[in-house]
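J.: Structure incoming, see below.
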Amino acid sequence: MKLSLFLSIFLLIFSNCSSKNEKAIQPQIIPLPHSQNIIEGNFILSKETAIIGGYELKDVTNYLNNFITNDLNIKSTSKEAKNGIHLLIDTTIKNDEEYHLLIDKKKILLKSKTAKGAFYGVQTLLQLLPIANTSKSISIQCLEIKDKPQFSYRGMHLDVGRHFFPVNFIKKYIDILSRLKINTFHWHLTEDQGWRIEIKKYPKLQEIAAYRNETLIGHYNDQPHKFDGKKYGGYYSQKEIKEIVKYASDRFIDIIPEIEMPGHSQAAIAAYPELGCTGDSVKVATKWGGFKEIYCPKETTFAFLEDVIDEVVELFPSKYIHIGGDEAPKTNWKNSKYCQELIKSKNLKDEHGLQSYFISRMAKYINSKGKQIIGWDEILEGGLAPNATVMSWRGTKGAIEAVKQKHHVILTPMSHCYFDYYQSENEKEPLAIGGYLPLEKVYSFNPIPKELNEEEAKYVLGAQGNIWTEYIKTSDKLEYMAFPRVIALAEATWTKSSLKNYTDFKHRLIHFQNRLDALNINYANHLYEINGKILTVKDSIKYQLSANTSGKQIHYTTDNSEPTSTSSIYSLPIPVNKSSTIKAASFDNSKKISTIHSVSIYKHKALGKKITLNNSPHKSYNAGGKEALINGISGSNERYGDKEWLGFWGKDLIITIDLGSSLEVNSISTRFYNANGQWIYAPKKIEITFDENFSSKETINAFNNNLLVEFKKQFKNKKVRFITLKIPNYGYIPEGKQGAGNKVWTFIDEIVID
Ligand code: ACM
């Protein structure tokens, strides 16, 4: 009793003491620092706090001072102060981006080797301060942080070719990137659908290439294609570009301009047809996808591109120029007498050799300007130019190959870095290109491919998120697609992978959302979204629910009504005794804080039975595992990237279902996805075998380019236990179609046995 009385008095005194000062914000820093130790006590920031930085750090010191004065309404002093924030250069610190931040009761000391390191220290300090303030003083938690990045390249890309974004938005984007310690902005400036950089020597790039006559409405997969009939376009003047480069440089962001070659060049060829191989007049592209236009490797074309580079290098101080190199269609080169003769006279192997010649020649020119090139992983085809850096986007294979050749690489694989993909499986998500890339998957990304050893891993400069804007027209939507995935990538590139923890990250992100609100960023929030999964234990089928983040209540219904805070509370998997629709959402007391998860489960004879496949689905499209084919749940009608659709690249399929005992079967149905623009083709045939005593060969008709191809076969009272479906892959993409010559994907979802 005595002890507890003593404790109560102690706590009373203690809490009285600390209540005099406002409570300091507990550190929730993103990206998570390399090391961080909390020290007891607070530093009090007030008008008697001096902010002092040496000459080399005057800009960073002003940046901090402006924030404290303007955002926090505290006018600090420059001398005779009670306490101080000191920014110092410390040449014993090794890494240019490293900083040491010590906050004790008397002072804040921020040491770094460079102004860039100081800027990152200031970003960390800002996250320890409130977003807004009305009091006379602010308490800051005492702590010590020693921080440095894991990767030297931490990038975000933006495609302004498909859609154009105004100067003010580009600045807003750069500003938030810098707050996350991202250090590179890859500005994709030229495309088939628009040329966006002013080149003074070639006025038609501004008059013609910067504008298209109209734009595709809806998704490329929607047939027939419809257009809006409205002229669209714009470009950045050199004056605006200089202003943006300066703005970025003030925030220690390097801008890498991308001038695409030899493909993705239709807009430039529309302005100057002589740059192409056919001389035909073409228009700036009005829809998405690949086009056959390609720069012709003539002396006049190289002269044009060299002139463009001359103006580009004057605008961008970056060490790198990105020359694209991706998806360059070779048809026009194959059909050109000039190109074929060039291949012979230069002793090149084929059109890939010609692409390599093209890129190497431009690389040499760019090198002569004191710059290096970056190219998409296609620049490996036919041989890499000396000192070229490879951006690996078609998976990590390009990165591995380039590293083996001792070239630097930047990882941007579609599977983890394409923020134009859907981030939720909810059907109500705004239209995206396809795919599925949730926040957790971005967070889990390790830029070092596991195939590389420690020595080879040194060639990995870092990683980058890409934002292609075919389906992103407005800056609001761009923010929705980018955030919070950019934030996850910032941590995946800055923080040592052994320190990463997704649960901890989510809690810091909830806190960080207040900062995004203050910056007026339209971020997506799927933190409390519901996921569901079929569970089969012996013959009983249940549906399990979970939220992306735990800690809030889930309510659900099974009668197709909308769940409310008075609907059943979820605690255990829900028994599925008959076909039914389950709807669920997360609630914070009575407030719904997620979208509604809705699933229709169809009870058929194969549900929960045994299934075997001869080939595993591709690792990017196997989210539901093979059981997803017989879990009673159909995939999305609009998206192949959800966890119900399984994708196989170029593989024939043999699927066997064991019903456990002989059952009467009256029909078999399934569905194939058929998005030819995404290289997905429904197969042409399917062979069904029952217990090795019955077999039926069926053809599948993909009528009218339908996105979904349904297959159904009826039987009369067949008794069967083992059902085998043989489904040969469609083959290669036909000439004239997007991705011609490549292997196709087979996407299949629920196999319904009735
Ligand atoms: C790319 O996504 N074509 C690099």
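Every chain in the structure tokens takes a letter, A first, then B, and so on in the order presented; its residues are numbered from 1, and the ligands are numbered from 1 following the presented order.
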Could you pull out the helix (DSSP H, G or I) residues of segment 502-708 of chain A from DSSP and send them as an MDAnalysis selection string?

T.: chainID A and resid 502:518 619:621 626:630 676:678 703:705

J.: Residues within 6 Å of ligand 1 (only C-alpha atoms and all ligand atoms), as a list of chain:residue names?

T.: A:Asp326, A:Trp376, A:Trp393

J.: Can you write out as a Markdown table which residues of segment 60-147 of chain A fall within 12 Å of segment 519-533 of chain A, alongside each residue's closest atom pair and its distance in Å to one decimal, counting only C-alpha atoms and ordering rows by chain and ascending residue number?

T.:
```
| residue | atom | partner | partner_atom | distance |
| --- | --- | --- | --- | --- |
| A:Asp71 | CA | A:Leu519 | CA | 11.4 |
| A:Ile131 | CA | A:Leu519 | CA | 9.6 |
| A:Ala132 | CA | A:Leu519 | CA | 11.5 |
```

J.: List every residue of segment 248-353 of chain A that has an atom at most 10 Å from any atom of segment 201-217 of chain A, giving for each one its closest atom pair and the distance in Å to one decimal, counting only C-alpha atoms, sorted by chain and then by ascending residue number, as CSV.

T.:
```
residue,atom,partner,partner_atom,distance
A:Ser265,CA,A:Ala209,CA,9.7
A:Gln266,CA,A:Ala209,CA,8.4
A:Ala267,CA,A:Ala209,CA,4.6
A:Ala268,CA,A:Ala209,CA,5.5
A:Ile269,CA,A:Ala209,CA,8.0
A:Ala270,CA,A:Ala209,CA,6.4
A:Ala271,CA,A:Ile208,CA,5.4
A:Tyr272,CA,A:Lys204,CA,7.5
A:Lys283,CA,A:Arg212,CA,7.5
A:Val284,CA,A:Arg212,CA,5.2
A:Ala285,CA,A:Arg212,CA,6.6
A:Thr286,CA,A:Thr215,CA,4.8
A:Lys287,CA,A:Leu216,CA,5.0
A:Trp288,CA,A:Leu216,CA,7.6
A:Phe304,CA,A:Tyr202,CA,8.7
A:Asp307,CA,A:Lys201,CA,7.6
A:Val308,CA,A:Lys201,CA,8.0
A:Glu311,CA,A:Lys201,CA,8.7
```

J.: Which residues are close to Phe672 of chain A, i.e. within 8 Å by only C-alpha atoms, leaving aside same-chain residues fewer than 3 positions away? Reply as a PyMOL selection string.

T.: chain A and resi 682-683+708-711+746-749

J.: Quick one: write out the picked residues with all heavy atoms as a PDB file, in the first residue's frame?

T.:
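Final output, part15.pdb:
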```pdb
ATOM      1  N   ALA A 682      -6.706 -15.161 -75.302  1.00  0.00           N
ATOM      2  CA  ALA A 682      -7.428 -16.380 -74.932  1.00  0.00           C
ATOM      3  C   ALA A 682      -6.890 -17.522 -75.788  1.00  0.00           C
ATOM      4  O   ALA A 682      -6.570 -17.313 -76.961  1.00  0.00           O
ATOM      5  CB  ALA A 682      -8.913 -16.193 -75.187  1.00  0.00           C
ATOM      6  N   PRO A 683      -6.776 -18.724 -75.228  1.00  0.00           N
ATOM      7  CA  PRO A 683      -6.292 -19.839 -76.038  1.00  0.00           C
ATOM      8  C   PRO A 683      -7.296 -20.215 -77.117  1.00  0.00           C
ATOM      9  O   PRO A 683      -8.454 -19.803 -77.070  1.00  0.00           O
ATOM     10  CB  PRO A 683      -6.125 -20.966 -75.021  1.00  0.00           C
ATOM     11  CG  PRO A 683      -6.825 -20.546 -73.805  1.00  0.00           C
ATOM     12  CD  PRO A 683      -7.039 -19.076 -73.845  1.00  0.00           C
ATOM     13  N   LEU A 708     -13.331 -10.568 -72.278  1.00  0.00           N
ATOM     14  CA  LEU A 708     -13.516 -11.810 -71.525  1.00  0.00           C
ATOM     15  C   LEU A 708     -14.030 -12.865 -72.479  1.00  0.00           C
ATOM     16  O   LEU A 708     -14.960 -12.613 -73.239  1.00  0.00           O
ATOM     17  CB  LEU A 708     -14.559 -11.608 -70.428  1.00  0.00           C
ATOM     18  CG  LEU A 708     -14.114 -10.744 -69.264  1.00  0.00           C
ATOM     19  CD1 LEU A 708     -15.303 -10.425 -68.385  1.00  0.00           C
ATOM     20  CD2 LEU A 708     -13.041 -11.452 -68.452  1.00  0.00           C
ATOM     21  N   VAL A 709     -13.416 -14.022 -72.452  1.00  0.00           N
ATOM     22  CA  VAL A 709     -13.865 -15.103 -73.310  1.00  0.00           C
ATOM     23  C   VAL A 709     -14.361 -16.228 -72.409  1.00  0.00           C
ATOM     24  O   VAL A 709     -13.606 -16.756 -71.595  1.00  0.00           O
ATOM     25  CB  VAL A 709     -12.724 -15.572 -74.229  1.00  0.00           C
ATOM     26  CG1 VAL A 709     -13.150 -16.788 -75.024  1.00  0.00           C
ATOM     27  CG2 VAL A 709     -12.321 -14.435 -75.165  1.00  0.00           C
ATOM     28  N   GLU A 710     -15.661 -16.516 -72.519  1.00  0.00           N
ATOM     29  CA  GLU A 710     -16.250 -17.518 -71.632  1.00  0.00           C
ATOM     30  C   GLU A 710     -16.297 -18.853 -72.367  1.00  0.00           C
ATOM     31  O   GLU A 710     -16.601 -18.906 -73.551  1.00  0.00           O
ATOM     32  CB  GLU A 710     -17.672 -17.111 -71.252  1.00  0.00           C
ATOM     33  CG  GLU A 710     -17.747 -15.640 -70.897  1.00  0.00           C
ATOM     34  CD  GLU A 710     -18.524 -15.380 -69.637  1.00  0.00           C
ATOM     35  OE1 GLU A 710     -19.144 -16.332 -69.126  1.00  0.00           O
ATOM     36  OE2 GLU A 710     -18.487 -14.228 -69.166  1.00  0.00           O
ATOM     37  N   PHE A 711     -16.004 -19.899 -71.625  1.00  0.00           N
ATOM     38  CA  PHE A 711     -16.091 -21.234 -72.201  1.00  0.00           C
ATOM     39  C   PHE A 711     -17.039 -22.062 -71.342  1.00  0.00           C
ATOM     40  O   PHE A 711     -16.930 -22.044 -70.114  1.00  0.00           O
ATOM     41  CB  PHE A 711     -14.706 -21.890 -72.220  1.00  0.00           C
ATOM     42  CG  PHE A 711     -14.766 -23.353 -72.542  1.00  0.00           C
ATOM     43  CD1 PHE A 711     -14.853 -23.775 -73.858  1.00  0.00           C
ATOM     44  CD2 PHE A 711     -14.782 -24.298 -71.527  1.00  0.00           C
ATOM     45  CE1 PHE A 711     -14.947 -25.129 -74.146  1.00  0.00           C
ATOM     46  CE2 PHE A 711     -14.876 -25.648 -71.818  1.00  0.00           C
ATOM     47  CZ  PHE A 711     -14.956 -26.073 -73.139  1.00  0.00           C
ATOM     48  N   THR A 746      -1.500 -16.405 -71.023  1.00  0.00           N
ATOM     49  CA  THR A 746      -2.816 -17.002 -70.826  1.00  0.00           C
ATOM     50  C   THR A 746      -3.269 -16.593 -69.429  1.00  0.00           C
ATOM     51  O   THR A 746      -2.523 -16.779 -68.464  1.00  0.00           O
ATOM     52  CB  THR A 746      -2.746 -18.548 -70.852  1.00  0.00           C
ATOM     53  OG1 THR A 746      -2.167 -18.954 -72.090  1.00  0.00           O
ATOM     54  CG2 THR A 746      -4.127 -19.166 -70.694  1.00  0.00           C
ATOM     55  N   PHE A 747      -4.455 -16.001 -69.342  1.00  0.00           N
ATOM     56  CA  PHE A 747      -5.037 -15.680 -68.030  1.00  0.00           C
ATOM     57  C   PHE A 747      -6.344 -16.442 -67.886  1.00  0.00           C
ATOM     58  O   PHE A 747      -7.215 -16.339 -68.728  1.00  0.00           O
ATOM     59  CB  PHE A 747      -5.297 -14.174 -67.889  1.00  0.00           C
ATOM     60  CG  PHE A 747      -4.127 -13.437 -67.313  1.00  0.00           C
ATOM     61  CD1 PHE A 747      -3.055 -13.086 -68.112  1.00  0.00           C
ATOM     62  CD2 PHE A 747      -4.087 -13.101 -65.962  1.00  0.00           C
ATOM     63  CE1 PHE A 747      -1.960 -12.419 -67.580  1.00  0.00           C
ATOM     64  CE2 PHE A 747      -3.004 -12.428 -65.421  1.00  0.00           C
ATOM     65  CZ  PHE A 747      -1.936 -12.088 -66.231  1.00  0.00           C
ATOM     66  N   ILE A 748      -6.452 -17.186 -66.811  1.00  0.00           N
ATOM     67  CA  ILE A 748      -7.638 -18.012 -66.582  1.00  0.00           C
ATOM     68  C   ILE A 748      -8.147 -17.760 -65.170  1.00  0.00           C
ATOM     69  O   ILE A 748      -7.352 -17.508 -64.256  1.00  0.00           O
ATOM     70  CB  ILE A 748      -7.302 -19.515 -66.811  1.00  0.00           C
ATOM     71  CG1 ILE A 748      -8.528 -20.408 -66.584  1.00  0.00           C
ATOM     72  CG2 ILE A 748      -6.133 -19.977 -65.967  1.00  0.00           C
ATOM     73  CD1 ILE A 748      -8.320 -21.867 -67.029  1.00  0.00           C
ATOM     74  N   ASP A 749      -9.496 -17.780 -64.997  1.00  0.00           N
ATOM     75  CA  ASP A 749      -9.989 -17.692 -63.614  1.00  0.00           C
ATOM     76  C   ASP A 749     -10.892 -18.877 -63.310  1.00  0.00           C
ATOM     77  O   ASP A 749     -10.661 -19.961 -63.848  1.00  0.00           O
ATOM     78  CB  ASP A 749     -10.551 -16.309 -63.267  1.00  0.00           C
ATOM     79  CG  ASP A 749     -11.983 -16.083 -63.680  1.00  0.00           C
ATOM     80  OD1 ASP A 749     -12.472 -16.826 -64.550  1.00  0.00           O
ATOM     81  OD2 ASP A 749     -12.609 -15.163 -63.126  1.00  0.00           O
TER      82      ASP A 749
END
```

J.: Considering only C-alpha atoms, return as a PyMOL selection string whatever protein or nucleic-acid residues lie within 8 Å of segment 144-147 of chain A, sequence-local ones (same chain, fewer than 3 positions apart) excluded.

T.: chain A and resi 33-39+98-103

J.: Kindly provide the residues of segment 52-152 of chain A that approach segment 481-505 of chain A to within 8 Å, each paired with its closest atom pair and their distance in Å to one decimal, based on only C-alpha atoms, listed by chain and increasing number, as CSV.

T.:
```
residue,atom,partner,partner_atom,distance
A:Lys148,CA,A:Trp494,CA,7.5
A:Pro149,CA,A:Trp494,CA,4.4
A:Gln150,CA,A:Trp494,CA,5.0
A:Phe151,CA,A:Thr493,CA,5.7
```

J.: Can I get the selection written as a JSON list (two decimals), in the first residue's frame, with N, CA and C atoms?

T.:
```json
[["chain", "number", "residue", "atom", "x", "y", "z"],
["A", 148, "LYS", "N", 21.93, 7.74, -42.87],
["A", 148, "LYS", "CA", 22.48, 7.78, -44.23],
["A", 148, "LYS", "C", 21.68, 6.80, -45.09],
["A", 149, "PRO", "N", 21.68, 7.03, -46.41],
["A", 149, "PRO", "CA", 20.85, 6.18, -47.27],
["A", 149, "PRO", "C", 21.50, 4.84, -47.60],
["A", 150, "GLN", "N", 20.64, 3.87, -47.92],
["A", 150, "GLN", "CA", 21.16, 2.59, -48.38],
["A", 150, "GLN", "C", 21.58, 2.68, -49.85],
["A", 151, "PHE", "N", 20.82, 3.45, -50.65],
["A", 151, "PHE", "CA", 21.13, 3.56, -52.08],
["A", 151, "PHE", "C", 21.35, 5.02, -52.48]]
```

J.: Would you kindly return, as a ChimeraX atom specification, each protein, DNA or RNA residue with an atom no farther than 9 Å from any atom of Asp96 of chain A, considering only C-alpha atoms and excluding same-chain residues fewer than 6 positions away?

T.: /A:112-117,148

J.: Can you measure atom CA of Glu425 of chain A to atom CA of Ala628 of chain A for me? One decimal in Å is fine.

T.: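 Spanning atom CA of Glu425 of chain A to atom CA of Ala628 of chain A is a straight-line distance of 14.8 Å.
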
J.: Please provide the set of residues having any atom within 6 Å of Pro617 of chain A, restricted to only C-alpha atoms, with same-chain residues fewer than 4 positions apart removed, written as a PyMOL selection string.

T.: chain A and resi 622+647-648

J.: Out of A:Ile321, A:Val312, A:Leu478, A:Leu437, which residue has the shortest atom-to-atom distance to Ile170 of chain A when counting only C-alpha atoms?

T.: A:Leu478

J.: What is the distance between atom CA of Thr49 of chain A and atom CA of Ser139 of chain A, in Å to one decimal?

T.: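 We find that atom CA of Thr49 of chain A and atom CA of Ser139 of chain A lie 12.0 Å from each other.
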
J.: Find the distance between atom CA of Glu351 of chain A and atom CA of Gln193 of chain A and write it in Å to one decimal.

T.: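 Interatomic distance, atom CA of Glu351 of chain A to atom CA of Gln193 of chain A: 24.5 Å.
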
J.: From segment 101-332 of chain A, collect each residue whose DSSP state is strand (DSSP E) and return the set as number ranges by chain.

T.: A: 101-103, 107-112, 138-147, 153-159, 184-188, 190-191, 194-195, 211-212, 216-217, 226-227, 232-233, 254-261, 320-324

J.: Which of these residues is nearest to Ile668 of chain A, using only C-alpha atoms: A:Asn693, A:Asn70, A:Thr724, A:Ser444?

T.: A:Thr724

J.: Which neighbours of Thr474 of chain A fall inside 10 Å, counting only C-alpha atoms, when residues of the same chain fewer than 6 positions from it are skipped, and could you give them as number ranges by chain?

T.: A: 163-166, 480

J.: Of the residues A:Asn706, A:Ser561, A:Ser281, A:Asn717, which is the one nearest to Ile596 of chain A, using only C-alpha atoms?

T.: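 Using only C-alpha atoms, Ile596 of chain A sits closest to A:Ser561.
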